[in-house]
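The data block below is query-v9.txt; it holds compact mmCIF, C-alpha atoms.
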# COMPACT_ATOMS: atom_id res chain seq x y z
CA ASN K 1 -283.85 15.93 -199.19
CA ILE K 2 -281.50 18.91 -199.21
CA ILE K 3 -278.49 16.74 -198.34
CA LYS K 4 -279.31 14.29 -201.12
CA LYS K 5 -278.51 17.07 -203.62
CA TYR K 6 -274.89 16.99 -202.42
CA THR K 7 -274.19 13.26 -202.24
CA LYS K 8 -271.26 13.65 -204.65
CA HIS K 9 -269.42 15.42 -201.83
CA VAL K 10 -270.92 13.98 -198.64
CA THR K 11 -272.11 10.62 -197.34
CA LEU K 12 -275.66 10.59 -196.00
CA LEU K 13 -276.29 8.11 -193.16
CA THR K 14 -279.71 7.58 -191.62
CA GLN K 15 -281.04 5.50 -188.75
CA GLU K 16 -283.91 5.44 -186.26
CA ASN K 17 -283.67 8.35 -183.84
CA LYS K 18 -281.65 6.99 -180.89
CA GLY K 19 -280.31 10.30 -179.59
CA VAL K 20 -277.30 12.48 -180.25
CA SER K 21 -274.67 9.98 -179.05
CA ALA K 22 -275.92 7.17 -181.26
CA ALA K 23 -276.07 9.52 -184.26
CA ARG K 24 -272.49 10.62 -183.70
CA ASN K 25 -271.31 7.06 -183.17
CA LEU K 26 -272.80 6.08 -186.52
CA GLY K 27 -270.79 8.87 -188.13
CA ILE K 28 -267.64 7.86 -186.23
CA LYS K 29 -268.06 4.26 -187.38
CA HIS K 30 -268.09 5.32 -191.03
CA CYS K 31 -265.46 8.04 -190.65
CA SER K 32 -262.47 7.50 -192.93
CA GLY K 33 -260.66 10.79 -192.35
CA ASP K 34 -257.97 11.72 -189.84
CA TYR K 35 -260.09 14.33 -188.06
CA ILE K 36 -263.66 14.70 -186.78
CA ILE K 37 -265.83 17.77 -186.16
CA PHE K 38 -269.31 17.47 -184.61
CA LEU K 39 -271.66 20.14 -185.96
CA ASP K 40 -275.26 20.17 -184.72
CA SER K 41 -278.10 21.41 -186.91
CA ASP K 42 -278.58 24.64 -184.95
CA ASP K 43 -274.93 25.73 -185.08
CA PHE K 44 -272.48 26.73 -187.79
CA ILE K 45 -268.79 27.51 -188.20
CA SER K 46 -266.78 30.19 -189.96
CA ASP K 47 -265.58 29.40 -193.46
CA ASP K 48 -261.95 29.25 -192.32
CA LEU K 49 -262.30 27.19 -189.13
CA VAL K 50 -261.51 23.79 -190.68
CA ALA K 51 -258.48 25.20 -192.51
CA CYS K 52 -257.24 26.82 -189.28
CA HIS K 53 -257.69 23.56 -187.37
CA VAL K 54 -255.83 21.55 -190.01
CA ALA K 55 -252.98 24.07 -189.94
CA ALA K 56 -252.80 23.70 -186.15
CA ALA K 57 -252.85 19.89 -186.48
CA LYS K 58 -249.85 20.06 -188.82
CA LYS K 59 -248.03 22.40 -186.44
CA TRP K 60 -248.90 20.42 -183.30
CA PRO K 61 -249.16 16.72 -184.30
CA GLN K 62 -248.95 15.67 -180.63
CA ALA K 63 -252.34 17.28 -179.85
CA ALA K 64 -255.60 15.31 -180.03
CA ILE K 65 -258.13 18.15 -179.61
CA PHE K 66 -258.07 21.53 -181.33
CA CYS K 67 -260.46 24.33 -180.32
CA SER K 68 -261.22 27.93 -181.15
CA ASP K 69 -263.35 30.93 -180.22
CA SER K 70 -267.15 31.16 -180.49
CA LEU K 71 -270.08 33.53 -180.44
CA SER K 72 -273.87 33.31 -180.08
CA ILE K 73 -276.65 34.49 -182.34
CA ASP K 74 -280.41 34.55 -181.70
CA ASP K 75 -283.31 33.96 -184.09
CA ASN K 76 -283.36 37.67 -184.93
CA GLY K 77 -279.77 37.57 -186.12
CA VAL K 78 -278.41 39.52 -183.15
CA GLN K 79 -274.99 38.20 -182.21
CA THR K 80 -272.82 38.51 -179.13
CA GLU K 81 -269.22 39.59 -179.04
CA LEU K 82 -266.65 36.90 -179.75
CA SER K 83 -266.10 34.66 -176.73
CA VAL K 84 -262.37 34.09 -176.58
CA CYS K 85 -261.35 30.54 -175.77
CA GLU K 86 -258.73 30.58 -173.02
CA TRP K 87 -257.41 27.08 -173.56
CA PRO K 88 -253.64 26.58 -173.94
CA LYS K 89 -251.95 27.92 -177.08
CA ILE K 90 -249.38 25.15 -177.00
CA PRO K 91 -250.30 21.46 -176.56
CA GLU K 92 -250.73 20.47 -172.92
CA CYS K 93 -253.31 19.07 -170.53
CA PRO K 94 -253.37 20.97 -167.20
CA LEU K 95 -255.60 18.79 -165.05
CA GLU K 96 -257.01 21.56 -162.85
CA PHE K 97 -257.77 23.65 -165.93
CA ILE K 98 -259.70 21.00 -167.86
CA LEU K 99 -261.73 19.87 -164.84
CA LEU K 100 -262.51 23.21 -163.19
CA ARG K 101 -262.96 25.52 -166.17
CA PRO K 102 -265.79 25.43 -168.70
CA GLY K 103 -264.67 23.82 -171.91
CA PRO K 104 -264.81 25.39 -175.36
CA PHE K 105 -268.02 25.46 -177.38
CA PRO K 106 -268.27 21.93 -178.87
CA ALA K 107 -268.71 23.03 -182.50
CA SER K 108 -265.39 24.88 -182.25
CA GLU K 109 -263.51 21.63 -181.61
CA MET K 110 -261.75 19.26 -183.99
CA TYR K 111 -260.67 15.82 -182.75
CA LYS K 112 -258.14 13.37 -184.05
CA ALA K 113 -260.26 10.47 -185.24
CA ILE K 114 -257.87 7.95 -183.71
CA ALA K 115 -258.34 9.53 -180.26
CA VAL K 116 -262.14 9.44 -180.57
CA LYS K 117 -262.17 5.82 -181.72
CA ALA K 118 -259.78 4.82 -178.93
CA GLN K 119 -262.52 5.92 -176.47
CA ASN K 120 -265.20 3.99 -178.41
CA GLY K 121 -266.87 7.25 -179.39
CA CYS K 122 -269.70 8.84 -177.45
CA ASP K 123 -271.44 7.43 -174.38
CA GLU K 124 -274.95 6.51 -175.55
CA THR K 125 -276.31 6.52 -171.99
CA LEU K 126 -275.87 10.30 -171.81
CA LYS K 127 -278.54 12.64 -173.16
CA ALA K 128 -276.57 15.79 -172.33
CA ASN K 129 -272.91 16.67 -171.67
CA VAL K 130 -271.95 14.22 -174.43
CA ASP K 131 -269.23 16.53 -175.76
CA VAL K 132 -267.88 17.20 -172.27
CA ASP K 133 -267.70 13.48 -171.53
CA LEU K 134 -265.83 12.66 -174.75
CA ARG K 135 -263.43 15.57 -174.33
CA LEU K 136 -262.57 14.69 -170.74
CA ARG K 137 -262.12 10.97 -171.44
CA ILE K 138 -259.71 11.78 -174.25
CA LEU K 139 -257.71 14.23 -172.14
CA LEU K 140 -257.73 12.18 -168.92
CA ASN K 141 -256.30 9.26 -170.86
CA GLY K 142 -253.05 11.02 -171.65
CA ASN K 143 -253.84 13.25 -174.64
CA GLN K 144 -253.26 16.96 -175.15
CA MET K 145 -255.28 19.92 -176.39
CA VAL K 146 -254.36 23.21 -178.06
CA LYS K 147 -256.12 26.37 -179.17
CA THR K 148 -256.19 27.00 -182.91
CA ASN K 149 -255.14 30.37 -184.27
CA GLY K 150 -258.18 31.71 -186.15
CA GLY K 151 -261.69 30.62 -187.04
CA PHE K 152 -264.75 30.44 -184.79
CA ALA K 153 -268.01 28.56 -184.21
CA VAL K 154 -271.48 30.04 -183.78
CA TYR K 155 -274.09 28.86 -181.30
CA ARG K 156 -277.59 29.69 -182.52
CA ARG K 157 -280.04 29.92 -179.64
CA VAL K 158 -283.09 27.71 -180.14
CA ASP K 159 -286.02 27.57 -177.70
CA ASN K 160 -286.22 23.76 -177.56
CA SER K 161 -282.47 23.27 -177.16
CA ILE K 162 -281.43 21.03 -174.27
CA THR K 163 -279.14 23.86 -173.11
CA ARG K 164 -282.35 25.67 -172.11
CA GLN K 165 -283.18 22.84 -169.67
CA PRO K 166 -280.99 23.58 -166.61
CA PHE K 167 -282.20 20.68 -164.45
CA THR K 168 -281.58 18.18 -167.26
CA ILE K 169 -278.11 19.65 -167.77
CA HIS K 170 -277.50 19.38 -164.01
CA LYS K 171 -278.65 15.75 -163.96
CA TYR K 172 -276.20 14.64 -166.61
CA ALA K 173 -273.41 16.78 -165.17
CA MET K 174 -273.76 14.76 -161.94
CA ILE K 175 -273.92 11.47 -163.83
CA LEU K 176 -270.78 12.40 -165.76
CA ILE K 177 -268.83 13.33 -162.62
CA ASN K 178 -269.81 10.11 -160.84
CA LYS K 179 -268.89 8.05 -163.90
CA LEU K 180 -265.46 9.65 -164.23
CA SER K 181 -264.84 9.40 -160.47
CA ASN K 182 -265.41 5.64 -160.68
CA GLN K 183 -263.29 5.30 -163.81
CA PHE K 184 -260.33 7.20 -162.32
CA GLN K 185 -260.82 6.27 -158.65
CA SER K 186 -257.15 5.26 -158.31
CA ASP K 187 -256.05 8.80 -159.19
CA SER K 188 -256.61 10.82 -156.03
CA MET K 189 -255.88 14.18 -157.69
CA THR K 190 -258.44 13.58 -160.44
CA VAL K 191 -261.08 12.44 -157.94
CA SER K 192 -260.41 15.47 -155.75
CA LEU K 193 -260.82 17.85 -158.69
CA LEU K 194 -263.98 16.07 -159.81
CA ASN K 195 -265.43 16.54 -156.32
CA GLU K 196 -264.58 20.23 -156.55
CA ARG K 197 -266.26 20.35 -159.95
CA LYS K 198 -269.39 18.78 -158.45
CA LEU K 199 -269.41 21.39 -155.68
CA ARG K 200 -269.10 24.24 -158.16
CA ILE K 201 -271.88 22.88 -160.37
CA ARG K 202 -274.16 22.64 -157.35
CA VAL K 203 -273.26 26.21 -156.37
CA ARG K 204 -274.17 27.29 -159.90
CA LEU K 205 -277.66 25.86 -159.47
CA TRP K 206 -277.96 27.46 -156.02
CA ASN K 207 -277.11 30.87 -157.47
CA ALA K 208 -279.54 30.41 -160.36
CA PHE K 209 -282.61 29.24 -158.43
CA PHE K 210 -282.30 29.11 -154.65
CA CYS K 211 -280.44 32.17 -153.43
CA HIS K 212 -283.31 34.44 -154.51
CA HIS K 213 -285.82 32.61 -152.30
CA THR K 214 -284.19 32.30 -148.87
CA SER K 215 -286.46 34.76 -147.03
CA LEU K 216 -289.33 33.70 -144.77
CA TYR K 217 -291.96 35.26 -147.02
CA PRO K 218 -294.54 32.60 -147.94
CA LEU K 219 -294.02 32.95 -151.70
CA SER K 220 -290.24 32.64 -151.36
CA MET K 221 -290.60 29.57 -149.15
CA VAL K 222 -292.95 27.94 -151.67
CA LYS K 223 -290.58 28.63 -154.56
CA PHE K 224 -287.60 27.36 -152.54
CA CYS K 225 -289.41 24.11 -151.76
CA TYR K 226 -290.56 23.78 -155.37
CA TYR K 227 -287.01 24.07 -156.70
CA LEU K 228 -285.68 21.75 -154.00
CA ILE K 229 -288.16 19.03 -154.95
CA LYS K 230 -287.36 19.56 -158.62
CA VAL K 231 -283.59 19.34 -158.18
CA THR K 232 -283.64 16.31 -155.86
CA THR K 233 -285.29 14.31 -158.65
CA VAL K 234 -282.09 14.77 -160.69
CA ASP K 235 -279.55 15.09 -157.85
CA SER K 236 -280.46 13.11 -154.73
CA GLY K 237 -277.53 14.59 -152.80
CA TYR K 238 -278.57 18.21 -153.22
CA PHE K 239 -280.45 18.52 -149.92
CA LYS K 240 -277.39 17.15 -148.08
CA PHE K 241 -275.26 19.66 -150.00
CA ILE K 242 -277.43 22.53 -148.72
CA LEU K 243 -277.34 21.24 -145.13
CA PHE K 244 -273.63 20.60 -144.83
CA SER K 245 -271.97 22.83 -147.44
CA LYS K 246 -274.09 25.91 -146.63
CA PRO K 247 -273.85 27.35 -150.16
CA TRP K 248 -274.87 30.83 -149.02
CA LYS K 249 -271.51 30.99 -147.23
CA LEU K 250 -269.38 29.52 -149.98
CA THR K 251 -267.02 31.74 -151.95
CA HIS K 252 -266.35 29.10 -154.60
CA LYS K 253 -266.48 30.35 -158.15
CA PRO K 254 -269.49 28.65 -159.81
CA PHE K 255 -268.64 26.36 -162.68
Starting from the file, lay out its structure as structure tokens.
Amino acid sequence: NIIKKYTKHVTLLTQENKGVSAARNLGIKHCSGDYIIFLDSDDFISDDLVACHVAAAKKWPQAAIFCSDSLSIDDNGVQTELSVCEWPKIPECPLEFILLRPGPFPASEMYKAIAVKAQNGCDETLKANVDVDLRLRILLNGNQMVKTNGGFAVYRRVDNSITRQPFTIHKYAMILINKLSNQFQSDSMTVSLLNERKLRIRVRLWNAFFCHHTSLYPLSMVKFCYYLIKVTTVDSGYFKFILFSKPWKLTHKPF
């Protein structure tokens, strides 16, 4: 009802709730502009971010993805310091960087519409990591990214956000890695880096839930088993990872 007040300036599209990917694909289908920004209902962007992105697009026409800094804010209005995006300041696509470093906050990104449509938009089988999947498919298919000078996006923490569901996030992170490994199986370097990414993501979960419960105290053992059962429902290879990779000995930087 609020949006209907502004239909002179925006196009309102509605459909049955089919998830975030289907909603974005509907928008992509009707997109007539040269650029696309995905902005979820719980996030917002600075007033100058779009202008900064467009300026970067004019300066770097060879880039397909433009990103910027971000910060977080809770329901009480308390915000974090600005998180500086460390992505390249000139258009490039360093493979190790994009696969082994966390990407920018999705709302801080602007995409060339032609690059998004060339990948047929978002994968509707994914319920999480949708932005990561789209970003990586665009970049792994020969496109470049660049950091915009100025502007920022704001992540507003919401209790029911999927980012507060670590095992769901882990599940779709594994699905994404396996999907990309199959898609780029002829590229040994990409597959090798994706395997390293999988290892680091598993180490991240180990550090978050398991490393605190490795003693022989009954309560620790119960919690360890509880988390192991929980994670194997979303990552069937996790028990094998613990047995053979011995995460308590690994010095890998968690993803």
Once 5 Å is added on each side, what are the centre and the three edge lengths, in Å to one decimal, of the axis-aligned box enclosing the listed atoms of segment 176-182 of chain K? Present them as lines of an AutoDock Vina configuration file.
center_x = -267.8
center_y = 9.5
center_z = -163.1
size_x = 15.9
size_y = 17.7
size_z = 15.3
Any idea what the distance is between atom CA of Leu95 of chain K and atom CA of Ile242 of chain K? 27.5 Å
Can you check which parts of segment 115-198 of chain K lie within 9 Å of segment 215-235 of chain K? Per residue, the shortest pair of atoms and distance in Å to one decimal, counting all atoms listed in the file, sorted by chain and number, as a tab-separated table.
residue	atom	partner	partner_atom	distance
K:Phe167	CA	K:Val231	CA	6.6
K:Thr168	CA	K:Val234	CA	7.4
K:His170	CA	K:Val234	CA	7.3
K:Lys171	CA	K:Val234	CA	4.8
K:Tyr172	CA	K:Val234	CA	8.4
K:Met174	CA	K:Asp235	CA	7.1
K:Ile175	CA	K:Asp235	CA	9.0
Skip segment 52-54 of chain K itself and residues of its chain fewer than 6 positions away, then list as number ranges by chain all residues within 9 Å of it, counting all atoms listed in the file. K: 35, 66-68, 109-110, 147-151
Now that the selection is made, can you save its residues with C-alpha atoms as a CSV table (one decimal), keeping the file's coordinate frame?
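Written out: out_23.csv:
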chain,number,residue,atom,x,y,z
K,35,TYR,CA,-260.1,14.3,-188.1
K,66,PHE,CA,-258.1,21.5,-181.3
K,67,CYS,CA,-260.5,24.3,-180.3
K,68,SER,CA,-261.2,27.9,-181.2
K,109,GLU,CA,-263.5,21.6,-181.6
K,110,MET,CA,-261.8,19.3,-184.0
K,147,LYS,CA,-256.1,26.4,-179.2
K,148,THR,CA,-256.2,27.0,-182.9
K,149,ASN,CA,-255.1,30.4,-184.3
K,150,GLY,CA,-258.2,31.7,-186.2
K,151,GLY,CA,-261.7,30.6,-187.0
Within 12 Å of (-271.6, 8.0, -186.1) in the file's own coordinates, which protein, DNA or RNA residues have an atom, counting only C-alpha atoms? List them as number ranges by chain. K: 11-15, 18-32, 36-38, 113, 116-117, 120-124
Using all atoms listed in the file, determine which residues lie at most 12 Å from Pro104 of chain K, disregarding the query and same-chain residues fewer than 5 positions distant; provide the list as a ChimeraX atom specification. /K:65-71,83-88,97-98,109-110,131-132,135-136,145-148,152-155
Ile73 of chain K environment, 7 Å, only C-alpha atoms, sequence neighbours closer than 2 positions dropped, as a PyMOL selection string: chain K and resi 71+75+77-80+154-157
If you count all atoms listed in the file, the residue of K:Ile90, K:Leu82, K:Val10, K:Ile169 closest to Trp60 of chain K turns out to be K:Ile90
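If you look at atom CA of Ala63 of chain K and atom CA of His9 of chain K, they are 27.9 Å away from each other.
As for atom CA of Leu205 of chain K and atom CA of Leu243 of chain K, they are spaced 15.1 Å apart.
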Identify the residues within 7 Å of coordinate (-250.4, 13.8, -180.1) (same frame as the file), considering only C-alpha atoms, and give the answer as a ChimeraX atom specification. /K:61-64,143-144
Show me, as an MDAnalysis selection string, the residues that have an atom within 12 Å of Trp206 of chain K when counting all atoms listed in the file, minus same-chain residues fewer than 2 positions from it. chainID K and resid 166:167 170 199:204 208:214 224 227:228 231 238:239 241:242 245:250 252 254:255
